[in-house]
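A.B. asks: The structure's right below; bear with me while I get my questions together.
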Amino acid sequence: MPVSVCGNMLFQSIGKSGRATFLSCLRSGLCYIPILIILTRVMSLTGVEIAQPIADAVASIITIPFVVQFFSKLPKEDYVVKKVVNK
């Protein structure tokens, strides 16, 4: 499963619908359609065949900073364990 789909599901599950929608549109339209048009003109049928994997790769590269930023904002595990133990 592409990283962009996992990132999309992550943001949907935590209620960040704007980011999830952007990532979904990124994979399905914002990357795929221009790549499809360009590669079809350049490579004919082969361009159609490889457009989706290339769009997935581009969308994944764009998704990674969103996911990294989300995980960097999470509290560190050690902090959470100490807080629970001290209660």
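Chain labels run A, B, ... following the order of the structure tokens; each chain numbers its residues from 1, and ligands are numbered from 1 in the order shown.
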Between range 20-40 of chain A and range 61-65 of chain A, at 10 Å or less, what are the per-residue closest atom pairs and their distances in Å? Count only C-alpha atoms, order by chain and rising residue number, and return it as a Markdown table.

C.D. replies:
```
| residue | atom | partner | partner_atom | distance |
| --- | --- | --- | --- | --- |
| A:Phe22 | CA | A:Thr63 | CA | 9.7 |
| A:Leu23 | CA | A:Thr63 | CA | 6.9 |
| A:Leu26 | CA | A:Ile62 | CA | 8.7 |
| A:Arg27 | CA | A:Thr63 | CA | 9.6 |
```

A.B. asks: Output N, CA and C atoms of each residue in that selection to a file, as a PDB file, in the first residue's frame.

C.D. replies:
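File written: out14.pdb
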```pdb
ATOM      1  N   PHE A  22      -6.598  16.496   1.290  1.00  0.00           N
ATOM      2  CA  PHE A  22      -5.504  16.954   0.430  1.00  0.00           C
ATOM      3  C   PHE A  22      -4.656  15.777  -0.034  1.00  0.00           C
ATOM      4  N   LEU A  23      -4.304  14.876   0.880  1.00  0.00           N
ATOM      5  CA  LEU A  23      -3.475  13.729   0.507  1.00  0.00           C
ATOM      6  C   LEU A  23      -4.205  12.793  -0.450  1.00  0.00           C
ATOM      7  N   LEU A  26      -4.235  14.463  -3.770  1.00  0.00           N
ATOM      8  CA  LEU A  26      -2.878  14.477  -4.288  1.00  0.00           C
ATOM      9  C   LEU A  26      -2.602  13.209  -5.089  1.00  0.00           C
ATOM     10  N   ARG A  27      -2.955  12.081  -4.532  1.00  0.00           N
ATOM     11  CA  ARG A  27      -2.691  10.810  -5.199  1.00  0.00           C
ATOM     12  C   ARG A  27      -3.625  10.592  -6.381  1.00  0.00           C
TER      13      ARG A  27
END
```

A.B. asks: Tell me which of A:Ile35, A:Val42, A:Ile54, A:Ala59 sits closest to Val5 in chain A, counting only C-alpha atoms.

C.D. replies: A:Ala59

A.B. asks: Grab the CA of Ser24 in chain A to CA of Phe11 in chain A distance for me, in Å with one decimal place.

C.D. replies: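 Computing it gives 10.5 Å between the two atoms.
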
A.B. asks: Provide the CA of Val58 in chain A to CA of Tyr32 in chain A distance in Å, to one decimal place.

C.D. replies: 9.1 Å

A.B. asks: Figure out the distance between CA of Leu10 in chain A and CA of Val67 in chain A, please, to one decimal in Å.

C.D. replies: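 Taking CA of Val67 in chain A and CA of Leu10 in chain A, their separation equals 8.4 Å.
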
A.B. asks: What lies within 10 Å of Val48 in chain A using only C-alpha atoms, ignoring chain neighbours under 3 positions off, as a PyMOL selection string?

C.D. replies: chain A and resi 35-41+43-45+51-52

A.B. asks: Go through A:Ser72, A:Ser13, A:Ser4, A:Thr46 and flag the residue nearest Cys25 in chain A, using only C-alpha atoms for the distances.

C.D. replies: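 The closest residue to Cys25 in chain A is A:Ser4.
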
A.B. asks: Could you write out, as a VMD selection string, all the residues of chain A that DSSP marks as alpha helix (DSSP H)?

C.D. replies: chain A and resid 3 to 13 17 to 25 32 to 43 45 to 73 77 to 85

A.B. asks: Looking at A:Gly29, A:Lys16, A:Ala55, A:Pro34, which one is nearest to Val3 in chain A, with distances taken over only C-alpha atoms?

C.D. replies: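 Using only C-alpha atoms, Val3 in chain A sits closest to A:Ala55.
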